[in-house]
Protein chains: 2
Amino acid sequence: MGKKQMERQEMLLGTLDMLILRTLRMGAAHGHTIARVIEQTSDEVLQVEQGSLYPALHRLEARRWLASYWGTSENNRKAKFYKLTAAGNKQLTVEASRWKQMVAAIGRVMREAE
Amino acid sequence: MGKKQMERQEMLLGTLDMLILRTLRMGAAHGHTIARVIEQTSDEVLQVEQGSLYPALHRLEARRWLASYWGTSENNRKAKFYKLTAAGNKQLTVEASRWKQMVAAIGRVMREAE
DNA sequence: AGCTTTGCATAGAAGTTCTAGGTGAGGGAA
DNA sequence: TTCCCTCACCTAGAACTTCTATGCAAAGCT
C-alpha cells in the first residue's frame, strides 16, 4: 500500500547554478554563506542541500565560471572561497536570459492554452 | 580540446508534466496534439520531444492523473487519447501553485541578492 | 576531555530529458 | 500495385542534477 511517492525537491532542477552565479556577483563567498544567502533571499522557499551545493560548485569551477582559493571564514574556520570569473559573469547573463524566456513561455501555456 | 558540452535542453526540467496536465484541461487529446499545442502556445520556445512526451504520459497515467482510451485521430489514424482525471486536475493546481512559488523565490534571488 | 558548530566532501539512489533507434498503418504518386 | 511520406506510438540507454546519508576535521566552549 505504501507508494513511496518522493515528496521532496526544494529546488527547481537546473536553476541552482544560476543562483550560485548570481549570488557570487556580489563578491566572493564560501559554500556555507552562498547557501544561506540563497535561502534567506528566497524567504526560505529554496533549500540548498550540501549534497547539491558542493557538486554544483565543483562543476562550475571545472567549467571555469568560478575560481576558488582557501581562506578563513568569519568564524575563524578554514573555508574555500569562490569568486565569479569573467566567463562566469557572461554565463550568468546567458542563463538569466534563458530563464526569463522559459518563464514567459511556460506562462503562456499555463494562462492561455488557446 | 573537444569538451562535448551538451548544448540542448529545450524544456525546463520537471515542468513537462504540469504543461501536459494544463493542456488536457481543455479536453482530451492524443500525444501528437498535446505536443503541438504546447509548442505553439509557447511560440515555439518549448520543444516537446517524443522521447520525453511518451514516458511523461505513461507516468502520469500510472499515477492516475490521466486516463486513456484508443480512438481515431483527425487524420484517420489510430491514436491514444488522454483525459484529465479528477485527481489530475487537483494535481495540476498543486503543481501550478508550486511553480508560481518557485518563480517568485528565484526572482527574488535574481533581482535582490541583498 | 567531550560536545557542538562550522565547513568541506563523496557515494549511491532517484528522477527527468534527450538521442537514436524501431513499428505500423493511411494515403497519394508513379 | 508498389513506393514513399506522414502520422502516431513506443523503448533503451546515456547524460545530467538533486537528494539522502555519511564521513572527516578543526574551532571553541563547558
# chains A, B, ... in the order shown; residues from 1 in each chain; ligands from 1

call {"tool": "select_by_dssp", "arguments": {"residues": "chain A", "states": "strand (DSSP E)", "output": "ChimeraX atom specification"}}
result
/A:29-30,66-72,78-84

call {"tool": "write_last_selection", "arguments": {"atoms": "C-alpha atoms", "output": "PDB file, in the first residue's frame"}}
result
ATOM      1  CA  ALA A  29      31.975  33.821  -0.670  1.00  0.00           C
ATOM      2  CA  HIS A  30      32.386  30.295   0.642  1.00  0.00           C
ATOM      3  CA  LEU A  66      34.236  30.186 -10.813  1.00  0.00           C
ATOM      4  CA  ALA A  67      37.717  30.352  -9.325  1.00  0.00           C
ATOM      5  CA  SER A  68      38.499  29.308  -5.767  1.00  0.00           C
ATOM      6  CA  TYR A  69      41.041  29.889  -3.036  1.00  0.00           C
ATOM      7  CA  TRP A  70      41.370  28.776   0.567  1.00  0.00           C
ATOM      8  CA  GLY A  71      40.895  31.311   3.281  1.00  0.00           C
ATOM      9  CA  THR A  72      39.447  31.798   6.733  1.00  0.00           C
ATOM     10  CA  LYS A  78      39.216  27.071   7.067  1.00  0.00           C
ATOM     11  CA  ALA A  79      36.908  27.687   4.123  1.00  0.00           C
ATOM     12  CA  LYS A  80      37.087  27.603   0.352  1.00  0.00           C
ATOM     13  CA  PHE A  81      36.090  30.905  -1.212  1.00  0.00           C
ATOM     14  CA  TYR A  82      34.677  31.156  -4.698  1.00  0.00           C
ATOM     15  CA  LYS A  83      34.616  34.152  -6.993  1.00  0.00           C
ATOM     16  CA  LEU A  84      32.981  34.743 -10.331  1.00  0.00           C
TER      17      LEU A  84
END

call {"tool": "interface_residues", "arguments": {"of": "chain B", "to": "chain D", "cutoff": "12 Å", "atoms": "only C-alpha atoms (C1' of nucleotides)", "output": "MDAnalysis selection string"}}
result
chainID B and resid 4:9 13:14 30:33 50:55 57:58 70:81

call {"tool": "atom_distance", "arguments": {"atom1": "CA of Arg64 (chain A)", "atom2": "CA of Ile34 (chain A)"}}
result
18.0 Å

call {"tool": "interface_residues", "arguments": {"of": "chain C", "to": "chain B", "cutoff": "7 Å", "atoms": "only C-alpha atoms (C1' of nucleotides)", "output": "ChimeraX atom specification"}}
result
/C:16-18,26

call {"tool": "select_by_dssp", "arguments": {"residues": "region 12-74 of chain A", "states": "helix (DSSP H, G or I)", "output": "VMD selection string"}}
result
chain A and resid 16 to 24 31 to 41 50 to 62

call {"tool": "closest_atom_pairs", "arguments": {"of": "chain B", "to": "chain A", "cutoff": "9 Å", "atoms": "only C-alpha atoms", "output": "Markdown table"}}
result
| residue | atom | partner | partner_atom | distance |
| --- | --- | --- | --- | --- |
| B:Glu10 | CA | A:Met102 | CA | 9.0 |
| B:Met11 | CA | A:Met102 | CA | 8.1 |
| B:Leu12 | CA | A:Met102 | CA | 7.2 |
| B:Leu13 | CA | A:Leu13 | CA | 5.7 |
| B:Gly14 | CA | A:Leu13 | CA | 6.8 |
| B:Thr15 | CA | A:Ile106 | CA | 8.4 |
| B:Met18 | CA | A:Met110 | CA | 8.6 |
| B:Leu19 | CA | A:Val109 | CA | 7.0 |
| B:Arg22 | CA | A:Met110 | CA | 6.3 |
| B:Thr23 | CA | A:Ala113 | CA | 6.4 |
| B:Met26 | CA | A:Ala113 | CA | 7.7 |
| B:Val37 | CA | A:Ala113 | CA | 7.5 |
| B:Ile38 | CA | A:Val109 | CA | 6.4 |
| B:Glu39 | CA | A:Val109 | CA | 8.8 |
| B:Gln40 | CA | A:Val109 | CA | 8.9 |
| B:Thr41 | CA | A:Val109 | CA | 5.5 |
| B:Ser42 | CA | A:Ala105 | CA | 4.7 |
| B:Asp43 | CA | A:Ala105 | CA | 7.2 |
| B:Glu44 | CA | A:Ala105 | CA | 8.5 |
| B:Val45 | CA | A:Ala105 | CA | 6.3 |
| B:Leu46 | CA | A:Ala105 | CA | 7.0 |
| B:Ala96 | CA | A:Met110 | CA | 8.1 |
| B:Trp99 | CA | A:Leu12 | CA | 8.8 |
| B:Gln101 | CA | A:Val45 | CA | 7.8 |
| B:Met102 | CA | A:Leu12 | CA | 7.1 |
| B:Val103 | CA | A:Val103 | CA | 7.7 |
| B:Ala104 | CA | A:Ser42 | CA | 8.1 |
| B:Ala105 | CA | A:Ser42 | CA | 4.7 |
| B:Ile106 | CA | A:Ser42 | CA | 6.6 |
| B:Gly107 | CA | A:Ser42 | CA | 8.2 |
| B:Arg108 | CA | A:Ser42 | CA | 5.8 |
| B:Val109 | CA | A:Thr41 | CA | 5.6 |
| B:Met110 | CA | A:Arg22 | CA | 6.3 |
| B:Arg111 | CA | A:Arg22 | CA | 9.0 |
| B:Glu112 | CA | A:Thr41 | CA | 7.5 |
| B:Ala113 | CA | A:Thr41 | CA | 6.2 |
| B:Glu114 | CA | A:Thr41 | CA | 7.4 |

call {"tool": "write_last_selection", "arguments": {"atoms": "C-alpha atoms", "output": "compact mmCIF listing (two decimals), in the first residue's frame"}}
result
# COMPACT_ATOMS: atom_id res chain seq x y z
CA GLU B 10 14.61 22.90 -24.76
CA MET B 11 12.49 22.04 -21.75
CA LEU B 12 12.91 23.21 -18.20
CA LEU B 13 13.38 20.07 -16.16
CA GLY B 14 10.34 18.98 -14.22
CA THR B 15 7.81 21.23 -15.91
CA MET B 18 2.46 20.34 -15.46
CA LEU B 19 2.26 21.55 -19.04
CA ARG B 22 -2.69 22.07 -18.22
CA THR B 23 -3.12 21.30 -21.89
CA MET B 26 -9.14 21.95 -22.34
CA VAL B 37 -0.34 22.69 -28.59
CA ILE B 38 2.46 23.20 -26.06
CA GLU B 39 4.91 24.16 -28.77
CA GLN B 40 2.57 26.56 -30.49
CA THR B 41 1.20 28.17 -27.35
CA SER B 42 4.74 28.83 -26.17
CA ASP B 43 5.58 30.43 -29.52
CA GLU B 44 7.90 27.53 -30.32
CA VAL B 45 10.13 28.21 -27.34
CA LEU B 46 9.30 24.88 -25.74
CA ALA B 96 0.88 25.33 -10.69
CA TRP B 99 5.59 26.69 -9.89
CA GLN B 101 6.11 29.99 -5.66
CA MET B 102 9.39 28.87 -7.22
CA VAL B 103 9.35 31.55 -9.88
CA ALA B 104 8.75 34.19 -7.23
CA ALA B 105 11.51 32.85 -4.99
CA ILE B 106 14.04 32.65 -7.80
CA GLY B 107 13.01 36.10 -8.91
CA ARG B 108 13.86 37.47 -5.50
CA VAL B 109 17.33 35.95 -5.61
CA MET B 110 17.96 37.14 -9.14
CA ARG B 111 16.87 40.71 -8.51
CA GLU B 112 17.77 41.48 -4.98
CA ALA B 113 20.59 39.43 -3.52
CA GLU B 114 20.98 41.97 -0.79

call {"tool": "decode", "arguments": {"residues": "region 23-76 of chain B", "atoms": "C-alpha atoms", "output": "PDB file, in the first residue's frame"}}
result
ATOM      1  CA  THR B  23      -3.121  21.301 -21.889  1.00  0.00           C
ATOM      2  CA  LEU B  24      -5.518  18.463 -21.199  1.00  0.00           C
ATOM      3  CA  ARG B  25      -7.668  20.687 -19.088  1.00  0.00           C
ATOM      4  CA  MET B  26      -9.143  21.948 -22.337  1.00  0.00           C
ATOM      5  CA  GLY B  27     -10.276  18.478 -23.315  1.00  0.00           C
ATOM      6  CA  ALA B  28      -8.944  15.058 -24.247  1.00  0.00           C
ATOM      7  CA  ALA B  29      -6.175  14.845 -26.816  1.00  0.00           C
ATOM      8  CA  HIS B  30      -3.616  12.399 -28.140  1.00  0.00           C
ATOM      9  CA  GLY B  31       0.153  12.678 -27.855  1.00  0.00           C
ATOM     10  CA  HIS B  32       0.897  14.444 -31.113  1.00  0.00           C
ATOM     11  CA  THR B  33      -1.688  17.093 -30.468  1.00  0.00           C
ATOM     12  CA  ILE B  34      -0.555  17.701 -26.908  1.00  0.00           C
ATOM     13  CA  ALA B  35       2.984  18.320 -28.094  1.00  0.00           C
ATOM     14  CA  ARG B  36       1.884  20.639 -30.879  1.00  0.00           C
ATOM     15  CA  VAL B  37      -0.336  22.686 -28.592  1.00  0.00           C
ATOM     16  CA  ILE B  38       2.455  23.195 -26.061  1.00  0.00           C
ATOM     17  CA  GLU B  39       4.915  24.156 -28.771  1.00  0.00           C
ATOM     18  CA  GLN B  40       2.566  26.558 -30.490  1.00  0.00           C
ATOM     19  CA  THR B  41       1.205  28.166 -27.351  1.00  0.00           C
ATOM     20  CA  SER B  42       4.739  28.825 -26.171  1.00  0.00           C
ATOM     21  CA  ASP B  43       5.578  30.425 -29.515  1.00  0.00           C
ATOM     22  CA  GLU B  44       7.905  27.526 -30.324  1.00  0.00           C
ATOM     23  CA  VAL B  45      10.133  28.214 -27.342  1.00  0.00           C
ATOM     24  CA  LEU B  46       9.296  24.883 -25.737  1.00  0.00           C
ATOM     25  CA  GLN B  47      10.129  21.811 -27.806  1.00  0.00           C
ATOM     26  CA  VAL B  48       8.427  18.599 -26.779  1.00  0.00           C
ATOM     27  CA  GLU B  49      10.484  15.602 -27.917  1.00  0.00           C
ATOM     28  CA  GLN B  50       8.733  12.280 -28.393  1.00  0.00           C
ATOM     29  CA  GLY B  51      11.258  10.611 -26.128  1.00  0.00           C
ATOM     30  CA  SER B  52      10.160  12.924 -23.324  1.00  0.00           C
ATOM     31  CA  LEU B  53       6.474  13.040 -24.178  1.00  0.00           C
ATOM     32  CA  TYR B  54       5.551   9.372 -24.117  1.00  0.00           C
ATOM     33  CA  PRO B  55       7.353   8.490 -20.894  1.00  0.00           C
ATOM     34  CA  ALA B  56       5.650  11.509 -19.310  1.00  0.00           C
ATOM     35  CA  LEU B  57       2.210  10.413 -20.476  1.00  0.00           C
ATOM     36  CA  HIS B  58       2.836   6.922 -19.149  1.00  0.00           C
ATOM     37  CA  ARG B  59       3.923   8.042 -15.712  1.00  0.00           C
ATOM     38  CA  LEU B  60       1.016  10.477 -15.442  1.00  0.00           C
ATOM     39  CA  GLU B  61      -1.370   7.675 -16.275  1.00  0.00           C
ATOM     40  CA  ALA B  62       0.369   5.342 -13.801  1.00  0.00           C
ATOM     41  CA  ARG B  63      -0.251   7.945 -11.106  1.00  0.00           C
ATOM     42  CA  ARG B  64      -3.923   8.085 -12.101  1.00  0.00           C
ATOM     43  CA  TRP B  65      -3.727  11.709 -13.123  1.00  0.00           C
ATOM     44  CA  LEU B  66      -4.639  10.801 -16.686  1.00  0.00           C
ATOM     45  CA  ALA B  67      -6.869   8.125 -18.185  1.00  0.00           C
ATOM     46  CA  SER B  68      -6.504   6.889 -21.758  1.00  0.00           C
ATOM     47  CA  TYR B  69      -8.514   5.227 -24.484  1.00  0.00           C
ATOM     48  CA  TRP B  70      -7.860   4.322 -28.092  1.00  0.00           C
ATOM     49  CA  GLY B  71      -9.592   6.261 -30.804  1.00  0.00           C
ATOM     50  CA  THR B  72      -9.122   7.733 -34.245  1.00  0.00           C
ATOM     51  CA  SER B  73      -7.229  10.939 -34.899  1.00  0.00           C
ATOM     52  CA  GLU B  74      -8.265  13.840 -37.127  1.00  0.00           C
ATOM     53  CA  ASN B  75      -6.124  12.217 -39.810  1.00  0.00           C
ATOM     54  CA  ASN B  76      -7.930   8.909 -39.562  1.00  0.00           C
TER      55      ASN B  76
END
